[in-house]
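Student: The structure under discussion is supplied below as structure tokens; questions concerning it will follow.
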Amino acid sequence: MASSGFSWTLPDHPKLPKGKPVAVVVLDGWGEANADQYNCIHVAQTPVMDSLKNGAPEKWRLVKAHGTAVGLPSDDDMGNSEVGHNALGAGRIFAQGAKLVDRALASGKIYEGDGFNYIKESFENGTLHLIGLLSDGGVHSRLDQLQLLLKGASERGAKRIRVHILTDGRDVLDGSSVGFVETLESDLSQLREKGIDAQIASGGGRMYVTMDRYENDWDVVKRGWDAQVLGEAPHKFKSALEAVKTLRAEPNANDQYLPPFVIVDDSGKAVGPVLDGDAVVTINFRADRMVMLAKALEYADFDKFDRVRVPKIRYVGMLQYDGELKLPSRYLVSPPEIERTSGEYLVKNGIRTFACSETVKFGHVTFFWNGNRSGYLDETKEEYVEIPSDSGITFNVAPKMKALEIAEKARDALLSGKFDQVRVNLPNGDMVGHTGDIEATVVACKAADEAVKIILDAVEQVGGIYLVTADHGNAEDMVKRNKAGKPLLDKSGGIQILTSHTLLPVPVAIGGPGLHPGVKFRNDIQTPGLANVAATVMNLHGFEAPADYEPTLIEVAHN
Ligand SMILES: O=C(O)[C@@H](CO)OP(=O)(O)O
Ligand SMILES: [Mn+2]
Ligand SMILES: [Mn+2]
């Protein structure tokens, strides 16, 4: 890039000063919806967020957080943390994993790359294992991509295929696992008619089996390893359909938390453990909840749990999940190249940065923020603090989570005078929203609002600036609706609880004593999205954003 005159130096903003501490607060899963009883943010006491909205209309606005505005394939795609924080941090819209996989499948390029050629070497004598989330949620994976990959691999020589499913109920309705398993079973039976030995081999609910993140609870990954690789699980069934139906009949059963199971043959033997010479594909395109399994599958040195048996396999990820660790080393589709993030520019321009969340969201304000890159950008200028999350519980049991602790860390970081940017993620609206527990989600939203207050009070004390936003919606709408917006009922007449994210916009609010009095939101940007926030934050630090960043949301009136 040197030859094109590239420079990391950001130009000074013509009007905005440097040296004001900036607090960047991301409320996870906090969208804007009409006020009704299923809008937990509306039901909850949220005086601080209310005052930002009602107190200064020229400093509060909505931005898009879903669909093409964050690099997803279509505007029917709900937002999510990965694409949301990528956009917030990178300031540009990158075609994201879901879209890149769609393209590679549609063009057939996925079958021409090094990754596919590598696993193909196992097709003659080994089994092809596909492990991942089974739903059409489009947040971590998509059923149609799995279907295309099954078809494509079998047409290209895979003779024996085993699918290890993780049931969802988080990005899709609880109970929908049964239908997804039926669809997959029917696809696999069609492959069997063509002479391919294809079966579901194991399964479990995504939050209890395999899909932990940021090393919150390695037991989750171990449960998956035992079922998928070793072929061992407490529950054994003859078919996956029987498995999900039986396990769902247990009291309080829930797709997200189904226990691990393996499918066995007539003699009681697991039909699909992973053996030497096999190929394994983790089919999720999203990184955070696949990194831990990728480590277990790829690393020779590994001490997080006893793997018991480590088969010699050819392993590829749907994507490479961690650009810094180069993990996994082989993959089917190249990930988006999210470079020159705002974090990198700002540290290179002297901005000392503090980032904090609790474990379940820690990587959101570090790893995702920095373009799916783990570790520090510049250790001398940054401090990242992770507050341990509760593990082994569903967050409706403790809906306040660690919001207070996160806010206190942010407050202390601001008051210390050691940082120019203090960035946090407050997880409550999202993590509790995903449980589908409306009452608990109301408590969660109140707790997040109280945390915002602590941070804004500290901003006030140090004469700083705040920017409060969210990565996508969740807690603002907890019911599945028809096209006209009316709540849908289930067979027994109850409402259908929406555990997923939404397609709704999210707020951006700015303020604080350090904010130049002439600053207000522009109204010449028609449909801004999360990617417009990075340039805005750079301005608040007194810099102009790079020319290829999405435009800033603010302007400075003459006065
Ligand atoms: O929990 C997760 O993995 C997703 C939902 O699938 O939520 P978020 O994008 O907010 O992390
Ligand atoms: Mn999120
Ligand atoms: Mn979420």
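Convention: chains lettered A, B, ... in structure tokens order; per-chain residue numbering from 1; ligands numbered from 1 as shown.
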Which residues are near ligand 3 - at most 9 Å, using only C-alpha atoms and all ligand atoms? Format: as a VMD selection string.
Tutor: chain A and resid 28 to 29 79 to 81 170 to 171 427 429 to 434 472 to 474 499 to 501
Student: I want to know what sits within 8 Å of Val181 in chain A, based on only C-alpha atoms, with residues of the same chain fewer than 6 positions away left out; could you give that as an MDAnalysis selection string?
Tutor: chainID A and resid 134 240:241
Student: Which residues are close to range 143-158 of chain A, i.e. within 8 Å by only C-alpha atoms, leaving aside same-chain residues fewer than 5 positions away? Reply as an MDAnalysis selection string.
Tutor: chainID A and resid 101:102 105 111 120 123:124 127:128 134:136 180 184 187 191 196 283
Student: Name the closest residue to ligand 2 among the candidates A:Val347, A:Leu293, A:Val280, A:Val506; distances are taken between atoms, counting only C-alpha atoms and all ligand atoms.
Tutor: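 Closest candidate: A:Val506.
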Student: Sorted by chain and rising residue number, list the residues of range 34-133 of chain A at most 7 Å from range 448-452 of chain A (counting only C-alpha atoms), each with its closest atom pair and distance in Å to one decimal, as CSV.
Tutor:
residue,atom,partner,partner_atom,distance
A:Thr46,CA,A:Asp449,CA,5.4
A:Val48,CA,A:Asp449,CA,6.0
A:Met49,CA,A:Asp449,CA,6.4
Student: If we count only C-alpha atoms, what is near Arg286 in chain A at a cut-off of 8 Å, once residues fewer than 5 positions away on the same chain are taken out, given as an NGL selection string?
Tutor: :A and (82 or 97-98 or 139-141 or 319 or 321)
Student: Please produce an output containing all heavy atoms for each residue in the selection, written as a compact mmCIF listing (two decimals), in the first residue's frame.
Tutor:
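Below you can see out.txt, which holds the result:
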# COMPACT_ATOMS: atom_id res chain seq x y z
N GLU A 82 -21.85 -10.34 15.41
CA GLU A 82 -20.63 -10.38 14.60
C GLU A 82 -20.65 -9.28 13.56
O GLU A 82 -19.77 -8.42 13.52
CB GLU A 82 -20.48 -11.74 13.91
CG GLU A 82 -19.23 -11.80 13.04
CD GLU A 82 -19.01 -13.17 12.40
OE1 GLU A 82 -19.95 -13.67 11.75
OE2 GLU A 82 -17.90 -13.73 12.55
N GLY A 97 -19.70 -13.39 6.06
CA GLY A 97 -19.60 -14.83 5.85
C GLY A 97 -20.80 -15.44 5.13
O GLY A 97 -20.63 -16.19 4.16
N ALA A 98 -22.00 -15.10 5.58
CA ALA A 98 -23.20 -15.71 4.99
C ALA A 98 -23.22 -15.47 3.48
O ALA A 98 -23.50 -16.37 2.68
CB ALA A 98 -24.44 -15.12 5.63
N VAL A 139 -27.58 -16.61 11.18
CA VAL A 139 -26.65 -15.89 12.05
C VAL A 139 -25.31 -16.62 12.09
O VAL A 139 -24.25 -16.01 11.94
CB VAL A 139 -27.23 -15.72 13.47
CG1 VAL A 139 -26.20 -15.14 14.42
CG2 VAL A 139 -28.48 -14.83 13.43
N HIS A 140 -25.36 -17.92 12.31
CA HIS A 140 -24.12 -18.73 12.38
C HIS A 140 -23.99 -19.65 11.18
O HIS A 140 -22.88 -20.10 10.86
CB HIS A 140 -24.12 -19.58 13.65
CG HIS A 140 -24.04 -18.77 14.91
ND1 HIS A 140 -22.85 -18.45 15.51
CD2 HIS A 140 -25.00 -18.20 15.67
CE1 HIS A 140 -23.07 -17.73 16.60
NE2 HIS A 140 -24.37 -17.56 16.72
N SER A 141 -25.10 -20.04 10.60
CA SER A 141 -25.09 -21.04 9.54
C SER A 141 -26.42 -20.94 8.82
O SER A 141 -27.31 -20.22 9.28
CB SER A 141 -24.98 -22.44 10.15
OG SER A 141 -26.19 -22.73 10.86
N LEU A 319 -15.31 -21.15 7.05
CA LEU A 319 -14.45 -19.98 6.88
C LEU A 319 -13.26 -20.12 7.81
O LEU A 319 -13.27 -20.97 8.70
CB LEU A 319 -15.20 -18.70 7.31
CG LEU A 319 -15.78 -17.81 6.21
CD1 LEU A 319 -16.98 -18.51 5.59
CD2 LEU A 319 -16.19 -16.48 6.77
N TYR A 321 -11.86 -18.73 11.01
CA TYR A 321 -12.59 -18.03 12.06
C TYR A 321 -11.78 -16.95 12.77
O TYR A 321 -12.35 -16.01 13.30
CB TYR A 321 -13.12 -19.04 13.09
CG TYR A 321 -14.04 -20.09 12.49
CD1 TYR A 321 -13.79 -21.45 12.65
CD2 TYR A 321 -15.15 -19.71 11.74
CE1 TYR A 321 -14.63 -22.40 12.10
CE2 TYR A 321 -15.99 -20.65 11.18
CZ TYR A 321 -15.73 -22.00 11.36
OH TYR A 321 -16.56 -22.93 10.81
Student: Near range 372-381 of chain A, within 7 Å and counting only C-alpha atoms, which residues show up once chain neighbours fewer than 5 positions away are dropped, as JSON, numbers by chain?
Tutor: {"A": [322, 323, 324, 344, 347, 352, 353, 367]}
Student: Could you jot down the CA of Asp226 in chain A to CA of Ile387 in chain A separation for me, Å, one decimal place?
Tutor: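 Interatomic distance, CA of Asp226 in chain A to CA of Ile387 in chain A: 29.0 Å.
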Student: Determine which residues of range 277-432 of chain A receive a DSSP assignment of helix (DSSP H, G or I), computed from the backbone, and state them as number ranges by chain.
Tutor: A: 291-298, 342-348, 359-362, 364-368, 403-416, 428-432
Student: DSSP on the backbone: what in range 8-101 of chain A comes out strand (DSSP E or B), as a PyMOL selection string?
Tutor: chain A and resi 12+22-27+60-64
Student: I need the chosen residues saved as a compact mmCIF listing (two decimals), in the first residue's frame, with N, CA and C atoms.
Tutor:
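The file below, result_38.txt, is the result:
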# COMPACT_ATOMS: atom_id res chain seq x y z
N ASP A 12 -6.42 15.96 11.00
CA ASP A 12 -7.15 16.62 12.09
C ASP A 12 -8.55 17.00 11.61
N VAL A 22 -13.67 9.70 25.22
CA VAL A 22 -14.91 9.28 24.56
C VAL A 22 -15.33 7.91 25.09
N ALA A 23 -16.56 7.81 25.61
CA ALA A 23 -17.10 6.52 26.03
C ALA A 23 -17.98 5.99 24.90
N VAL A 24 -17.69 4.79 24.45
CA VAL A 24 -18.51 4.15 23.41
C VAL A 24 -19.22 2.97 24.07
N VAL A 25 -20.54 3.08 24.15
CA VAL A 25 -21.32 2.07 24.87
C VAL A 25 -22.19 1.32 23.86
N VAL A 26 -22.02 0.02 23.78
CA VAL A 26 -22.86 -0.80 22.90
C VAL A 26 -23.81 -1.60 23.77
N LEU A 27 -25.09 -1.31 23.62
CA LEU A 27 -26.10 -2.10 24.33
C LEU A 27 -26.43 -3.27 23.42
N TRP A 60 -29.87 12.27 18.88
CA TRP A 60 -30.37 10.89 18.97
C TRP A 60 -30.94 10.54 17.61
N ARG A 61 -30.55 9.38 17.09
CA ARG A 61 -31.16 8.97 15.84
C ARG A 61 -31.11 7.46 15.71
N LEU A 62 -31.83 6.97 14.72
CA LEU A 62 -31.84 5.52 14.49
C LEU A 62 -30.95 5.19 13.30
N VAL A 63 -30.31 4.04 13.37
CA VAL A 63 -29.53 3.55 12.22
C VAL A 63 -29.88 2.09 11.97
N LYS A 64 -29.65 1.66 10.75
CA LYS A 64 -29.95 0.27 10.40
C LYS A 64 -28.89 -0.67 10.97
Student: I'd like the neighbourhood of Tyr315 in chain A as a list in words, where a residue qualifies if any of its atoms comes within 9 Å (using only C-alpha atoms), though same-chain residues fewer than 3 positions away should be ignored.
Tutor: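 My list of contacting residues is Gly115, Tyr118, Ile119, Asp278, Ala279, Val280, Val281, Thr282, Ala294, Leu297, Glu298, Pro328, Ser329, Arg330 and Tyr331 of chain A.
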Student: Now that the selection is made, can you save its residues with all heavy atoms as a short mmCIF file (atom, residue, chain, number, x, y, z; two decimals), in the first residue's frame?
Tutor:
data_model
loop_
_atom_site.label_atom_id
_atom_site.label_comp_id
_atom_site.auth_asym_id
_atom_site.auth_seq_id
_atom_site.Cartn_x
_atom_site.Cartn_y
_atom_site.Cartn_z
N GLY A 115 -9.22 -25.75 0.26
CA GLY A 115 -9.92 -26.40 1.37
C GLY A 115 -10.68 -27.63 0.92
O GLY A 115 -10.56 -28.72 1.50
N TYR A 118 -8.49 -30.46 -0.24
CA TYR A 118 -7.86 -31.12 0.91
C TYR A 118 -8.79 -32.19 1.49
O TYR A 118 -8.40 -33.35 1.65
CB TYR A 118 -7.52 -30.04 1.94
CG TYR A 118 -6.93 -30.51 3.24
CD1 TYR A 118 -5.73 -31.21 3.28
CD2 TYR A 118 -7.56 -30.20 4.45
CE1 TYR A 118 -5.18 -31.61 4.49
CE2 TYR A 118 -7.01 -30.58 5.66
CZ TYR A 118 -5.83 -31.29 5.68
OH TYR A 118 -5.29 -31.67 6.88
N ILE A 119 -10.03 -31.82 1.78
CA ILE A 119 -10.93 -32.83 2.38
C ILE A 119 -11.28 -33.93 1.38
O ILE A 119 -11.54 -35.07 1.77
CB ILE A 119 -12.22 -32.21 2.97
CG1 ILE A 119 -12.99 -31.39 1.95
CG2 ILE A 119 -11.91 -31.42 4.23
CD1 ILE A 119 -14.40 -31.00 2.40
N ASP A 278 -10.60 -39.55 8.32
CA ASP A 278 -11.85 -38.86 7.99
C ASP A 278 -11.59 -37.38 7.68
O ASP A 278 -10.53 -36.83 8.03
CB ASP A 278 -12.84 -38.95 9.15
CG ASP A 278 -13.43 -40.35 9.31
OD1 ASP A 278 -13.16 -41.22 8.44
OD2 ASP A 278 -14.16 -40.57 10.30
N ALA A 279 -12.61 -36.75 7.09
CA ALA A 279 -12.58 -35.30 6.88
C ALA A 279 -13.66 -34.68 7.76
O ALA A 279 -14.72 -35.27 7.95
CB ALA A 279 -12.84 -34.96 5.42
N VAL A 280 -13.37 -33.50 8.29
CA VAL A 280 -14.35 -32.79 9.12
C VAL A 280 -14.50 -31.36 8.59
O VAL A 280 -13.51 -30.68 8.33
CB VAL A 280 -13.91 -32.74 10.60
CG1 VAL A 280 -14.87 -31.88 11.42
CG2 VAL A 280 -13.82 -34.14 11.19
N VAL A 281 -15.76 -30.94 8.44
CA VAL A 281 -16.05 -29.54 8.10
C VAL A 281 -16.92 -28.97 9.20
O VAL A 281 -17.96 -29.54 9.54
CB VAL A 281 -16.83 -29.43 6.77
CG1 VAL A 281 -17.07 -27.94 6.43
CG2 VAL A 281 -16.11 -30.13 5.64
N THR A 282 -16.51 -27.85 9.80
CA THR A 282 -17.43 -27.13 10.68
C THR A 282 -18.17 -26.14 9.78
O THR A 282 -17.56 -25.26 9.18
CB THR A 282 -16.69 -26.42 11.82
OG1 THR A 282 -15.53 -25.76 11.32
CG2 THR A 282 -16.24 -27.42 12.88
N ALA A 294 -12.78 -25.52 16.88
CA ALA A 294 -11.69 -25.51 15.90
C ALA A 294 -10.35 -25.77 16.58
O ALA A 294 -9.51 -26.51 16.08
CB ALA A 294 -11.66 -24.18 15.15
N LEU A 297 -10.12 -29.43 17.43
CA LEU A 297 -9.92 -30.27 16.25
C LEU A 297 -8.54 -30.09 15.65
O LEU A 297 -7.98 -31.01 15.05
CB LEU A 297 -10.97 -29.93 15.17
CG LEU A 297 -12.40 -30.40 15.44
CD1 LEU A 297 -13.38 -29.72 14.48
CD2 LEU A 297 -12.53 -31.92 15.32
N GLU A 298 -7.97 -28.90 15.81
CA GLU A 298 -6.75 -28.60 15.06
C GLU A 298 -5.46 -28.64 15.88
O GLU A 298 -4.41 -28.99 15.36
CB GLU A 298 -6.89 -27.21 14.42
CG GLU A 298 -5.69 -26.83 13.58
CD GLU A 298 -6.05 -26.02 12.35
OE1 GLU A 298 -7.01 -26.38 11.65
OE2 GLU A 298 -5.36 -25.03 12.10
N PRO A 328 -9.35 -21.99 11.58
CA PRO A 328 -8.46 -23.10 11.27
C PRO A 328 -7.55 -22.75 10.11
O PRO A 328 -7.82 -21.83 9.36
CB PRO A 328 -9.44 -24.23 10.89
CG PRO A 328 -10.71 -23.58 10.54
CD PRO A 328 -10.74 -22.23 11.16
N SER A 329 -6.49 -23.54 9.99
CA SER A 329 -5.51 -23.19 8.96
C SER A 329 -6.07 -23.45 7.57
O SER A 329 -5.63 -22.86 6.60
CB SER A 329 -4.22 -23.96 9.18
OG SER A 329 -4.50 -25.33 9.28
N ARG A 330 -7.04 -24.35 7.49
CA ARG A 330 -7.65 -24.61 6.17
C ARG A 330 -9.14 -24.33 6.24
O ARG A 330 -9.77 -24.58 7.26
CB ARG A 330 -7.41 -26.04 5.75
CG ARG A 330 -5.92 -26.34 5.62
CD ARG A 330 -5.74 -27.77 5.21
NE ARG A 330 -4.36 -28.17 5.33
CZ ARG A 330 -3.56 -28.38 4.28
NH1 ARG A 330 -4.02 -28.20 3.07
NH2 ARG A 330 -2.32 -28.77 4.48
N TYR A 331 -9.68 -23.86 5.14
CA TYR A 331 -11.10 -23.45 5.14
C TYR A 331 -11.63 -23.49 3.72
O TYR A 331 -10.87 -23.49 2.75
CB TYR A 331 -11.24 -22.07 5.77
CG TYR A 331 -10.20 -21.07 5.30
CD1 TYR A 331 -10.45 -20.27 4.19
CD2 TYR A 331 -8.96 -20.98 5.93
CE1 TYR A 331 -9.48 -19.39 3.74
CE2 TYR A 331 -7.99 -20.10 5.48
CZ TYR A 331 -8.26 -19.31 4.38
OH TYR A 331 -7.30 -18.44 3.91
#
Student: As an exercise, work out the distance from CA of Glu382 in chain A to CA of Pro11 in chain A in Å and give it to one decimal place.
Tutor: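 About the pair CA of Glu382 in chain A and CA of Pro11 in chain A: they are 21.7 Å apart.
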Student: In Å, how far is it from CA of Lys236 in chain A to CA of Ala201 in chain A?
Tutor: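 Here the two named atoms are 10.3 Å from each other.
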Student: Looking at only C-alpha atoms, which of A:Phe261, A:Tyr384, A:Trp8, A:Phe237 is the one that sits closest to Ala410 in chain A?
Tutor: A:Tyr384
